[in-house]
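work-v7.txt (compact mmCIF, N, CA and C atoms)
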```
# COMPACT_ATOMS: atom_id res chain seq x y z
N MET K 1 12.32 7.79 15.30
CA MET K 1 11.30 8.55 14.61
C MET K 1 10.40 9.22 15.65
N PRO K 2 10.34 10.55 15.63
CA PRO K 2 9.46 11.23 16.58
C PRO K 2 7.98 11.06 16.20
N VAL K 3 7.21 10.54 17.12
CA VAL K 3 5.77 10.42 16.95
C VAL K 3 5.13 11.24 18.05
N ILE K 4 4.19 12.09 17.66
CA ILE K 4 3.51 12.94 18.63
C ILE K 4 2.08 12.41 18.77
N HIS K 5 1.74 11.96 19.96
CA HIS K 5 0.39 11.44 20.20
C HIS K 5 -0.49 12.59 20.67
N ALA K 6 -1.64 12.75 20.03
CA ALA K 6 -2.55 13.84 20.35
C ALA K 6 -2.90 13.86 21.83
N ALA K 7 -3.03 12.69 22.43
CA ALA K 7 -3.40 12.59 23.85
C ALA K 7 -2.33 13.19 24.76
N ASP K 8 -1.09 13.28 24.28
CA ASP K 8 0.00 13.81 25.09
C ASP K 8 0.21 15.31 24.92
N ALA K 9 -0.44 15.91 23.95
CA ALA K 9 -0.25 17.34 23.66
C ALA K 9 -0.98 18.21 24.68
N GLN K 10 -0.29 19.24 25.12
CA GLN K 10 -0.89 20.19 26.08
C GLN K 10 -1.53 21.33 25.30
N SER K 11 -2.81 21.55 25.50
CA SER K 11 -3.52 22.61 24.79
C SER K 11 -3.37 23.96 25.49
N HIS K 12 -3.53 25.01 24.70
CA HIS K 12 -3.46 26.39 25.20
C HIS K 12 -4.73 27.11 24.76
N GLU K 13 -5.30 27.90 25.66
CA GLU K 13 -6.52 28.66 25.36
C GLU K 13 -6.17 30.13 25.15
N MET K 14 -6.73 30.73 24.10
CA MET K 14 -6.51 32.14 23.85
C MET K 14 -7.62 32.68 22.96
N HIS K 15 -8.24 33.77 23.35
CA HIS K 15 -9.24 34.47 22.53
C HIS K 15 -10.37 33.57 22.04
N GLY K 16 -10.89 32.71 22.91
CA GLY K 16 -12.02 31.86 22.54
C GLY K 16 -11.65 30.67 21.68
N ALA K 17 -10.36 30.35 21.62
CA ALA K 17 -9.92 29.23 20.80
C ALA K 17 -8.96 28.35 21.60
N ARG K 18 -8.87 27.09 21.18
CA ARG K 18 -7.94 26.14 21.80
C ARG K 18 -6.89 25.76 20.77
N PHE K 19 -5.64 25.89 21.14
CA PHE K 19 -4.50 25.57 20.29
C PHE K 19 -3.83 24.32 20.85
N THR K 20 -3.72 23.27 20.04
CA THR K 20 -3.08 22.03 20.48
C THR K 20 -1.88 21.77 19.58
N PRO K 21 -0.66 22.00 20.10
CA PRO K 21 0.54 21.82 19.29
C PRO K 21 0.81 20.34 19.03
N LEU K 22 1.21 20.06 17.80
CA LEU K 22 1.56 18.69 17.43
C LEU K 22 3.03 18.61 17.01
N VAL K 23 3.42 19.41 16.04
CA VAL K 23 4.79 19.42 15.55
C VAL K 23 5.40 20.78 15.88
N ARG K 24 6.57 20.76 16.52
CA ARG K 24 7.27 21.98 16.92
C ARG K 24 8.66 21.59 17.43
N PRO K 25 9.52 22.55 17.70
CA PRO K 25 10.86 22.19 18.14
C PRO K 25 10.90 21.26 19.35
N SER K 26 10.02 21.47 20.32
CA SER K 26 10.05 20.61 21.51
C SER K 26 9.59 19.18 21.25
N THR K 27 9.03 18.93 20.05
CA THR K 27 8.65 17.56 19.69
C THR K 27 9.55 17.01 18.58
N GLY K 28 10.63 17.72 18.26
CA GLY K 28 11.61 17.19 17.33
C GLY K 28 11.72 17.86 15.99
N SER K 29 10.92 18.88 15.71
CA SER K 29 10.98 19.55 14.41
C SER K 29 11.99 20.70 14.44
N SER K 30 12.72 20.86 13.37
CA SER K 30 13.66 21.99 13.30
C SER K 30 13.17 23.10 12.38
N GLU K 31 12.16 22.83 11.56
CA GLU K 31 11.70 23.82 10.60
C GLU K 31 10.20 24.10 10.61
N LEU K 32 9.40 23.14 11.07
CA LEU K 32 7.95 23.26 10.95
C LEU K 32 7.23 23.27 12.29
N CYS K 33 6.13 23.99 12.32
CA CYS K 33 5.19 23.94 13.44
C CYS K 33 3.82 23.59 12.85
N LEU K 34 3.11 22.72 13.55
CA LEU K 34 1.79 22.31 13.11
C LEU K 34 0.93 22.17 14.35
N TRP K 35 -0.24 22.82 14.33
CA TRP K 35 -1.12 22.71 15.48
C TRP K 35 -2.56 22.61 15.04
N ARG K 36 -3.36 22.05 15.94
CA ARG K 36 -4.81 21.95 15.73
C ARG K 36 -5.44 23.12 16.45
N LEU K 37 -6.29 23.83 15.75
CA LEU K 37 -6.99 24.99 16.29
C LEU K 37 -8.48 24.68 16.34
N GLU K 38 -9.06 24.81 17.52
CA GLU K 38 -10.51 24.62 17.68
C GLU K 38 -11.11 25.98 18.04
N ILE K 39 -12.06 26.41 17.22
CA ILE K 39 -12.69 27.71 17.41
C ILE K 39 -14.14 27.47 17.84
N ALA K 40 -14.48 27.97 19.02
CA ALA K 40 -15.81 27.76 19.59
C ALA K 40 -16.89 28.41 18.72
N PRO K 41 -18.10 27.84 18.76
CA PRO K 41 -19.21 28.42 18.00
C PRO K 41 -19.44 29.89 18.39
N GLY K 42 -19.74 30.70 17.39
CA GLY K 42 -20.05 32.11 17.64
C GLY K 42 -18.86 32.99 17.95
N THR K 43 -17.65 32.47 17.82
CA THR K 43 -16.45 33.25 18.15
C THR K 43 -16.11 34.23 17.04
N GLN K 44 -15.90 35.47 17.43
CA GLN K 44 -15.35 36.46 16.51
C GLN K 44 -13.87 36.58 16.85
N GLY K 45 -13.02 36.24 15.92
CA GLY K 45 -11.58 36.21 16.16
C GLY K 45 -10.98 37.58 16.41
N VAL K 46 -9.79 37.56 16.97
CA VAL K 46 -9.04 38.79 17.24
C VAL K 46 -8.14 39.07 16.05
N PRO K 47 -8.29 40.24 15.45
CA PRO K 47 -7.41 40.57 14.32
C PRO K 47 -5.96 40.66 14.79
N HIS K 48 -5.07 40.12 13.97
CA HIS K 48 -3.64 40.18 14.29
C HIS K 48 -2.83 40.05 13.00
N ARG K 49 -1.57 40.44 13.09
CA ARG K 49 -0.67 40.36 11.95
C ARG K 49 0.26 39.17 12.16
N VAL K 50 0.47 38.39 11.10
CA VAL K 50 1.40 37.27 11.17
C VAL K 50 2.73 37.71 10.59
N HIS K 51 3.81 37.41 11.30
CA HIS K 51 5.14 37.83 10.84
C HIS K 51 5.74 36.87 9.82
N ARG K 52 5.25 35.64 9.82
CA ARG K 52 5.72 34.62 8.87
C ARG K 52 4.49 34.02 8.19
N GLU K 53 4.70 33.39 7.06
CA GLU K 53 3.61 32.74 6.33
C GLU K 53 2.92 31.70 7.21
N GLU K 54 1.61 31.60 7.06
CA GLU K 54 0.82 30.65 7.84
C GLU K 54 -0.20 29.99 6.92
N ALA K 55 -0.35 28.66 7.02
CA ALA K 55 -1.28 27.93 6.17
C ALA K 55 -2.37 27.29 7.03
N PHE K 56 -3.57 27.22 6.48
CA PHE K 56 -4.75 26.71 7.19
C PHE K 56 -5.43 25.65 6.34
N VAL K 57 -5.88 24.56 6.98
CA VAL K 57 -6.73 23.56 6.33
C VAL K 57 -7.90 23.32 7.28
N LEU K 58 -9.11 23.57 6.80
CA LEU K 58 -10.29 23.37 7.64
C LEU K 58 -10.66 21.89 7.65
N LEU K 59 -10.72 21.32 8.86
CA LEU K 59 -11.05 19.90 9.02
C LEU K 59 -12.53 19.67 9.29
N ALA K 60 -13.15 20.56 10.07
CA ALA K 60 -14.57 20.38 10.43
C ALA K 60 -15.19 21.74 10.71
N GLY K 61 -16.50 21.82 10.53
CA GLY K 61 -17.21 23.07 10.75
C GLY K 61 -16.99 24.01 9.58
N SER K 62 -17.09 25.29 9.86
CA SER K 62 -16.79 26.30 8.84
C SER K 62 -16.29 27.55 9.55
N ILE K 63 -15.49 28.32 8.84
CA ILE K 63 -14.98 29.58 9.38
C ILE K 63 -15.01 30.63 8.28
N THR K 64 -14.93 31.86 8.71
CA THR K 64 -14.67 32.96 7.80
C THR K 64 -13.26 33.43 8.12
N LEU K 65 -12.39 33.36 7.13
CA LEU K 65 -11.01 33.79 7.27
C LEU K 65 -10.86 35.11 6.53
N THR K 66 -10.39 36.12 7.23
CA THR K 66 -10.16 37.42 6.62
C THR K 66 -8.66 37.67 6.58
N ILE K 67 -8.15 37.93 5.39
CA ILE K 67 -6.73 38.24 5.19
C ILE K 67 -6.66 39.60 4.51
N ASP K 68 -6.03 40.55 5.20
CA ASP K 68 -5.88 41.92 4.68
C ASP K 68 -7.21 42.48 4.16
N GLY K 69 -8.27 42.27 4.93
CA GLY K 69 -9.58 42.84 4.62
C GLY K 69 -10.42 42.04 3.65
N GLU K 70 -9.89 40.98 3.08
CA GLU K 70 -10.66 40.15 2.14
C GLU K 70 -11.11 38.89 2.86
N ALA K 71 -12.44 38.72 2.99
CA ALA K 71 -13.01 37.59 3.73
C ALA K 71 -13.40 36.47 2.78
N ALA K 72 -13.20 35.23 3.26
CA ALA K 72 -13.62 34.04 2.51
C ALA K 72 -14.15 33.01 3.49
N ARG K 73 -15.19 32.34 3.10
CA ARG K 73 -15.78 31.27 3.89
C ARG K 73 -15.07 29.97 3.53
N LEU K 74 -14.60 29.22 4.53
CA LEU K 74 -13.96 27.93 4.30
C LEU K 74 -14.85 26.83 4.84
N THR K 75 -14.95 25.74 4.08
CA THR K 75 -15.67 24.56 4.49
C THR K 75 -14.66 23.40 4.53
N PRO K 76 -15.01 22.27 5.15
CA PRO K 76 -14.04 21.19 5.31
C PRO K 76 -13.32 20.81 4.02
N GLY K 77 -12.00 20.71 4.14
CA GLY K 77 -11.14 20.39 3.01
C GLY K 77 -10.54 21.61 2.34
N ASP K 78 -11.10 22.80 2.60
CA ASP K 78 -10.56 24.02 2.01
C ASP K 78 -9.27 24.42 2.70
N ALA K 79 -8.39 25.08 1.96
CA ALA K 79 -7.11 25.54 2.50
C ALA K 79 -6.89 27.00 2.11
N ALA K 80 -6.08 27.69 2.90
CA ALA K 80 -5.74 29.08 2.61
C ALA K 80 -4.35 29.36 3.15
N VAL K 81 -3.71 30.37 2.57
CA VAL K 81 -2.38 30.80 3.01
C VAL K 81 -2.43 32.28 3.31
N ALA K 82 -1.93 32.64 4.49
CA ALA K 82 -1.78 34.05 4.87
C ALA K 82 -0.32 34.42 4.67
N PRO K 83 -0.04 35.36 3.77
CA PRO K 83 1.35 35.75 3.53
C PRO K 83 1.97 36.43 4.76
N ALA K 84 3.27 36.34 4.87
CA ALA K 84 3.98 37.02 5.94
C ALA K 84 3.63 38.51 5.90
N GLY K 85 3.36 39.07 7.08
CA GLY K 85 3.04 40.49 7.18
C GLY K 85 1.57 40.83 7.02
N SER K 86 0.74 39.83 6.69
CA SER K 86 -0.68 40.11 6.48
C SER K 86 -1.44 40.18 7.81
N ALA K 87 -2.54 40.93 7.80
CA ALA K 87 -3.44 41.00 8.95
C ALA K 87 -4.54 39.97 8.73
N ILE K 88 -4.78 39.14 9.75
CA ILE K 88 -5.76 38.06 9.60
C ILE K 88 -6.73 38.04 10.77
N ARG K 89 -7.86 37.38 10.54
CA ARG K 89 -8.85 37.11 11.60
C ARG K 89 -9.63 35.87 11.19
N LEU K 90 -9.89 34.99 12.18
CA LEU K 90 -10.69 33.80 11.94
C LEU K 90 -11.95 33.88 12.79
N ASP K 91 -13.09 33.82 12.15
CA ASP K 91 -14.38 33.87 12.83
C ASP K 91 -15.12 32.56 12.62
N ASN K 92 -15.87 32.15 13.65
CA ASN K 92 -16.73 30.99 13.53
C ASN K 92 -18.15 31.44 13.84
N PRO K 93 -18.91 31.82 12.81
CA PRO K 93 -20.27 32.30 13.03
C PRO K 93 -21.30 31.18 13.22
N ASP K 94 -20.86 29.93 13.11
CA ASP K 94 -21.79 28.80 13.16
C ASP K 94 -22.04 28.30 14.58
N ASP K 95 -22.87 27.26 14.69
CA ASP K 95 -23.24 26.71 16.00
C ASP K 95 -22.49 25.44 16.35
N GLN K 96 -21.42 25.12 15.60
CA GLN K 96 -20.57 23.98 15.95
C GLN K 96 -19.11 24.41 15.95
N THR K 97 -18.31 23.72 16.71
CA THR K 97 -16.88 24.03 16.80
C THR K 97 -16.22 23.81 15.45
N ALA K 98 -15.38 24.74 15.05
CA ALA K 98 -14.59 24.59 13.83
C ALA K 98 -13.22 24.03 14.22
N GLU K 99 -12.71 23.13 13.40
CA GLU K 99 -11.40 22.52 13.64
C GLU K 99 -10.51 22.82 12.44
N VAL K 100 -9.35 23.42 12.73
CA VAL K 100 -8.45 23.87 11.68
C VAL K 100 -7.05 23.30 11.96
N LEU K 101 -6.39 22.81 10.93
CA LEU K 101 -5.00 22.41 11.03
C LEU K 101 -4.18 23.59 10.52
N VAL K 102 -3.21 24.05 11.33
CA VAL K 102 -2.44 25.25 10.99
C VAL K 102 -0.96 24.90 10.93
N ASN K 103 -0.28 25.43 9.91
CA ASN K 103 1.15 25.19 9.72
C ASN K 103 1.86 26.53 9.57
N ALA K 104 3.01 26.64 10.24
CA ALA K 104 3.84 27.84 10.15
C ALA K 104 5.29 27.43 10.40
N PRO K 105 6.25 28.25 9.98
CA PRO K 105 7.64 27.90 10.23
C PRO K 105 8.03 28.12 11.68
N VAL K 106 9.06 27.39 12.12
CA VAL K 106 9.64 27.62 13.44
C VAL K 106 10.04 29.10 13.54
N GLY K 107 9.83 29.68 14.69
CA GLY K 107 10.14 31.10 14.89
C GLY K 107 8.96 32.00 14.60
N PHE K 108 7.81 31.39 14.33
CA PHE K 108 6.59 32.13 14.03
C PHE K 108 6.18 33.02 15.20
N THR K 109 5.83 34.25 14.91
CA THR K 109 5.26 35.17 15.90
C THR K 109 4.12 35.93 15.25
N GLY K 110 3.31 36.53 16.08
CA GLY K 110 2.22 37.37 15.60
C GLY K 110 2.23 38.68 16.34
N GLU K 111 1.36 39.57 15.91
CA GLU K 111 1.29 40.88 16.54
C GLU K 111 -0.16 41.35 16.57
N LEU K 112 -0.64 41.69 17.76
CA LEU K 112 -1.98 42.25 17.87
C LEU K 112 -1.96 43.64 17.25
N LEU K 113 -3.12 44.14 16.89
CA LEU K 113 -3.18 45.43 16.20
C LEU K 113 -2.72 46.60 17.07
N ASP K 114 -2.63 46.40 18.40
CA ASP K 114 -2.11 47.45 19.28
C ASP K 114 -0.59 47.42 19.37
N GLY K 115 0.05 46.51 18.61
CA GLY K 115 1.51 46.41 18.60
C GLY K 115 2.08 45.37 19.53
N THR K 116 1.26 44.72 20.34
CA THR K 116 1.74 43.68 21.25
C THR K 116 2.18 42.46 20.45
N VAL K 117 3.44 42.06 20.61
CA VAL K 117 3.97 40.88 19.92
C VAL K 117 3.62 39.64 20.73
N VAL K 118 3.11 38.64 20.04
CA VAL K 118 2.73 37.38 20.67
C VAL K 118 3.67 36.29 20.17
N ASN K 119 4.35 35.66 21.12
CA ASN K 119 5.21 34.51 20.82
C ASN K 119 4.46 33.29 21.34
N PRO K 120 3.64 32.67 20.50
CA PRO K 120 2.75 31.61 20.98
C PRO K 120 3.50 30.42 21.59
N PRO K 121 3.09 29.97 22.75
CA PRO K 121 3.76 28.83 23.39
C PRO K 121 3.60 27.53 22.60
N TRP K 122 2.61 27.45 21.72
CA TRP K 122 2.38 26.22 20.97
C TRP K 122 3.31 26.07 19.76
N VAL K 123 4.25 27.00 19.56
CA VAL K 123 5.20 26.86 18.46
C VAL K 123 6.65 26.70 18.97
N ASN K 124 6.82 26.52 20.28
CA ASN K 124 8.16 26.37 20.84
C ASN K 124 8.48 24.91 21.13
```
Can the structure from this file be put into structure tokens for me?
Amino acid sequence: MPVIHAADAQSHEMHGARFTPLVRPSTGSSELCLWRLEIAPGTQGVPHRVHREEAFVLLAGSITLTIDGEAARLTPGDAAVAPAGSAIRLDNPDDQTAEVLVNAPVGFTGELLDGTVVNPPWVN
């Protein structure tokens, strides 16, 4: 049984956020990726398009999640789904770090609005 210990996960920093992969192909998953996302206080996220469906569950703090121009405030316990092909942005306007659990399928990629494709290392 594959068990992933948080202490063993290597974090990645990008655009004012920390991504800590938990479940992904390199930890034994063939279909799912799951990572913890920490968004620093006052961070305005970078808009990007997701190529595959992505799900979010807010664990701590609060964020504003914008999907295709529609913004919603999430508080702990709230969940949201970004459909494949949607443009998203996560902002943390508060004074405490927001913690989000994110799930996406293996093979997940994103695209910055300038067309740059991002193959995140935390999903491999």
Exercise: stretch 55-58 of chain K partners within 5 Å, all atoms listed in the file, chain neighbours under 3 positions left out, as a list in words: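 That gives Pro76, Gly77, Asp78, Ala79, Ala80, Val81, Ala82, Glu99, Val100, Leu101, Val102 and Asn103 of chain K.
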Determine the nearest neighbour of K:Arg89 from the options K:Arg18, K:His5, K:His12, K:His48, counting all atoms listed in the file. K:His48
Please indicate the distance in Å from atom CA of K:Leu113 to atom CA of K:Thr66, rounded to one decimal place.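 Atom-to-atom, atom CA of K:Leu113 to atom CA of K:Thr66, that is 14.3 Å.
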Residue set, chain K restricted to strand (DSSP E), as a PyMOL selection string: chain K and resi 12-14+17-23+32-39+48-50+54-60+63-67+70-74+79-82+87-91+98-105+110-112+117-118
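Within 6 Å of K:Thr109, once only N, CA and C atoms are used and residues closer than 2 positions along the same chain are dropped, the contacting residues are Arg49, Val50, His51, Arg52, Gly107, Glu111, Val118, Asn119 and Pro120 of chain K.
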In terms of all atoms listed in the file, the residue from K:Asn92, K:Gln10, K:Thr75, K:Thr20 at minimal distance from K:Leu59 is K:Thr75
Answer as a PyMOL selection string, residues within 9 Å of (-14.7, 24.9, 16.3) using only C-alpha atoms: chain K and resi 17-18+37-41+43+60-63+92+94-100
Centre and edge lengths of an axis-aligned box around all listed atoms of stretch 81-99 of chain K, with 4 Å added on each side, are to be given in Å to one decimal, as lines of an AutoDock Vina configuration file.
```
center_x = -9.6
center_y = 31.8
center_z = 9.7
size_x = 35.2
size_y = 26.5
size_z = 22.2
```
What gap, in Å, lies between atom C of K:Pro2 and atom CA of K:Glu53? 24.2 Å
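Distance annotation: of K:Ala87, K:Cys33, K:Met14, K:Pro93, the residue with the minimal separation from K:Trp122 is K:Cys33; atom set is only N, CA and C atoms.
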Leaving out stretch 28-30 of chain K and any residue of its chain fewer than 4 positions from it, which residues lie within 8 Å of it when counting only N, CA and C atoms, given as a PDB file with N, CA and C atoms, keeping the file's coordinate frame?
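Below you can see result37.pdb, which holds the result:
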```pdb
ATOM      1  N   PRO K   2      10.340  10.550  15.630  1.00  0.00           N
ATOM      2  CA  PRO K   2       9.460  11.230  16.580  1.00  0.00           C
ATOM      3  C   PRO K   2       7.980  11.060  16.200  1.00  0.00           C
ATOM      4  N   VAL K   3       7.210  10.540  17.120  1.00  0.00           N
ATOM      5  CA  VAL K   3       5.770  10.420  16.950  1.00  0.00           C
ATOM      6  C   VAL K   3       5.130  11.240  18.050  1.00  0.00           C
ATOM      7  N   LEU K  22       1.210  20.060  17.800  1.00  0.00           N
ATOM      8  CA  LEU K  22       1.560  18.690  17.430  1.00  0.00           C
ATOM      9  C   LEU K  22       3.030  18.610  17.010  1.00  0.00           C
ATOM     10  N   VAL K  23       3.420  19.410  16.040  1.00  0.00           N
ATOM     11  CA  VAL K  23       4.790  19.420  15.550  1.00  0.00           C
ATOM     12  C   VAL K  23       5.400  20.780  15.880  1.00  0.00           C
ATOM     13  N   ARG K  24       6.570  20.760  16.520  1.00  0.00           N
ATOM     14  CA  ARG K  24       7.270  21.980  16.920  1.00  0.00           C
ATOM     15  C   ARG K  24       8.660  21.590  17.430  1.00  0.00           C
ATOM     16  N   PRO K 105       6.250  28.250   9.980  1.00  0.00           N
ATOM     17  CA  PRO K 105       7.640  27.900  10.230  1.00  0.00           C
ATOM     18  C   PRO K 105       8.030  28.120  11.680  1.00  0.00           C
ATOM     19  N   VAL K 106       9.060  27.390  12.120  1.00  0.00           N
ATOM     20  CA  VAL K 106       9.640  27.620  13.440  1.00  0.00           C
ATOM     21  C   VAL K 106      10.040  29.100  13.540  1.00  0.00           C
ATOM     22  N   GLY K 107       9.830  29.680  14.690  1.00  0.00           N
ATOM     23  CA  GLY K 107      10.140  31.100  14.890  1.00  0.00           C
ATOM     24  C   GLY K 107       8.960  32.000  14.600  1.00  0.00           C
TER      25      GLY K 107
END
```
Coordinates-based distance that separates atom CA of K:Leu65 from atom CA of K:Ala7 (Å, one decimal):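 Here the two named atoms are 28.0 Å from each other.
Within chain K, DSSP run on the backbone puts these residues in helix (DSSP H, G or I): Ala6, Ala7, Asp8, Pro25, Ser26, Thr27, Pro121, Trp122 and Val123 of chain K.
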Need a file for stretch 74-84 of chain K from that block: all heavy atoms, written as a PDB file, in the first residue's frame.
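Full text of out_32.pdb as output:
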```pdb
ATOM      1  N   LEU K  74     -14.178  31.578  -1.198  1.00  0.00           N
ATOM      2  CA  LEU K  74     -14.238  30.276  -0.550  1.00  0.00           C
ATOM      3  C   LEU K  74     -13.720  30.402   0.872  1.00  0.00           C
ATOM      4  O   LEU K  74     -12.723  31.092   1.113  1.00  0.00           O
ATOM      5  CB  LEU K  74     -13.391  29.241  -1.299  1.00  0.00           C
ATOM      6  CG  LEU K  74     -14.016  28.545  -2.506  1.00  0.00           C
ATOM      7  CD1 LEU K  74     -14.218  29.514  -3.648  1.00  0.00           C
ATOM      8  CD2 LEU K  74     -13.139  27.401  -2.960  1.00  0.00           C
ATOM      9  N   THR K  75     -14.408  29.744   1.795  1.00  0.00           N
ATOM     10  CA  THR K  75     -13.981  29.663   3.177  1.00  0.00           C
ATOM     11  C   THR K  75     -13.758  28.183   3.511  1.00  0.00           C
ATOM     12  O   THR K  75     -14.171  27.307   2.750  1.00  0.00           O
ATOM     13  CB  THR K  75     -15.027  30.293   4.120  1.00  0.00           C
ATOM     14  OG1 THR K  75     -16.274  29.631   3.950  1.00  0.00           O
ATOM     15  CG2 THR K  75     -15.201  31.785   3.823  1.00  0.00           C
ATOM     16  N   PRO K  76     -13.096  27.874   4.624  1.00  0.00           N
ATOM     17  CA  PRO K  76     -12.760  26.482   4.920  1.00  0.00           C
ATOM     18  C   PRO K  76     -13.941  25.520   4.783  1.00  0.00           C
ATOM     19  O   PRO K  76     -15.042  25.794   5.265  1.00  0.00           O
ATOM     20  CB  PRO K  76     -12.241  26.544   6.356  1.00  0.00           C
ATOM     21  CG  PRO K  76     -11.609  27.904   6.429  1.00  0.00           C
ATOM     22  CD  PRO K  76     -12.569  28.785   5.650  1.00  0.00           C
ATOM     23  N   GLY K  77     -13.674  24.430   4.079  1.00  0.00           N
ATOM     24  CA  GLY K  77     -14.687  23.411   3.823  1.00  0.00           C
ATOM     25  C   GLY K  77     -15.370  23.566   2.485  1.00  0.00           C
ATOM     26  O   GLY K  77     -15.990  22.627   1.994  1.00  0.00           O
ATOM     27  N   ASP K  78     -15.264  24.754   1.859  1.00  0.00           N
ATOM     28  CA  ASP K  78     -15.880  24.967   0.553  1.00  0.00           C
ATOM     29  C   ASP K  78     -15.084  24.261  -0.532  1.00  0.00           C
ATOM     30  O   ASP K  78     -13.862  24.090  -0.427  1.00  0.00           O
ATOM     31  CB  ASP K  78     -15.944  26.464   0.208  1.00  0.00           C
ATOM     32  CG  ASP K  78     -16.915  27.247   1.073  1.00  0.00           C
ATOM     33  OD1 ASP K  78     -17.740  26.618   1.770  1.00  0.00           O
ATOM     34  OD2 ASP K  78     -16.841  28.489   1.048  1.00  0.00           O
ATOM     35  N   ALA K  79     -15.779  23.855  -1.590  1.00  0.00           N
ATOM     36  CA  ALA K  79     -15.146  23.177  -2.717  1.00  0.00           C
ATOM     37  C   ALA K  79     -15.611  23.819  -4.018  1.00  0.00           C
ATOM     38  O   ALA K  79     -16.681  24.430  -4.073  1.00  0.00           O
ATOM     39  CB  ALA K  79     -15.504  21.692  -2.709  1.00  0.00           C
ATOM     40  N   ALA K  80     -14.798  23.677  -5.056  1.00  0.00           N
ATOM     41  CA  ALA K  80     -15.151  24.195  -6.376  1.00  0.00           C
ATOM     42  C   ALA K  80     -14.496  23.325  -7.432  1.00  0.00           C
ATOM     43  O   ALA K  80     -13.481  22.667  -7.177  1.00  0.00           O
ATOM     44  CB  ALA K  80     -14.678  25.646  -6.522  1.00  0.00           C
ATOM     45  N   VAL K  81     -15.078  23.338  -8.625  1.00  0.00           N
ATOM     46  CA  VAL K  81     -14.536  22.589  -9.754  1.00  0.00           C
ATOM     47  C   VAL K  81     -14.345  23.544 -10.915  1.00  0.00           C
ATOM     48  O   VAL K  81     -15.251  24.295 -11.276  1.00  0.00           O
ATOM     49  CB  VAL K  81     -15.491  21.443 -10.181  1.00  0.00           C
ATOM     50  CG1 VAL K  81     -14.964  20.739 -11.419  1.00  0.00           C
ATOM     51  CG2 VAL K  81     -15.685  20.467  -9.052  1.00  0.00           C
ATOM     52  N   ALA K  82     -13.147  23.503 -11.500  1.00  0.00           N
ATOM     53  CA  ALA K  82     -12.857  24.269 -12.715  1.00  0.00           C
ATOM     54  C   ALA K  82     -12.936  23.298 -13.889  1.00  0.00           C
ATOM     55  O   ALA K  82     -12.174  22.340 -13.954  1.00  0.00           O
ATOM     56  CB  ALA K  82     -11.471  24.897 -12.638  1.00  0.00           C
ATOM     57  N   PRO K  83     -13.866  23.514 -14.815  1.00  0.00           N
ATOM     58  CA  PRO K  83     -13.986  22.614 -15.959  1.00  0.00           C
ATOM     59  C   PRO K  83     -12.759  22.676 -16.866  1.00  0.00           C
ATOM     60  O   PRO K  83     -12.077  23.706 -16.924  1.00  0.00           O
ATOM     61  CB  PRO K  83     -15.219  23.139 -16.708  1.00  0.00           C
ATOM     62  CG  PRO K  83     -15.932  24.038 -15.754  1.00  0.00           C
ATOM     63  CD  PRO K  83     -14.894  24.564 -14.815  1.00  0.00           C
ATOM     64  N   ALA K  84     -12.509  21.597 -17.568  1.00  0.00           N
ATOM     65  CA  ALA K  84     -11.417  21.576 -18.536  1.00  0.00           C
ATOM     66  C   ALA K  84     -11.604  22.726 -19.523  1.00  0.00           C
ATOM     67  O   ALA K  84     -12.721  23.002 -19.964  1.00  0.00           O
ATOM     68  CB  ALA K  84     -11.415  20.241 -19.282  1.00  0.00           C
TER      69      ALA K  84
END
```
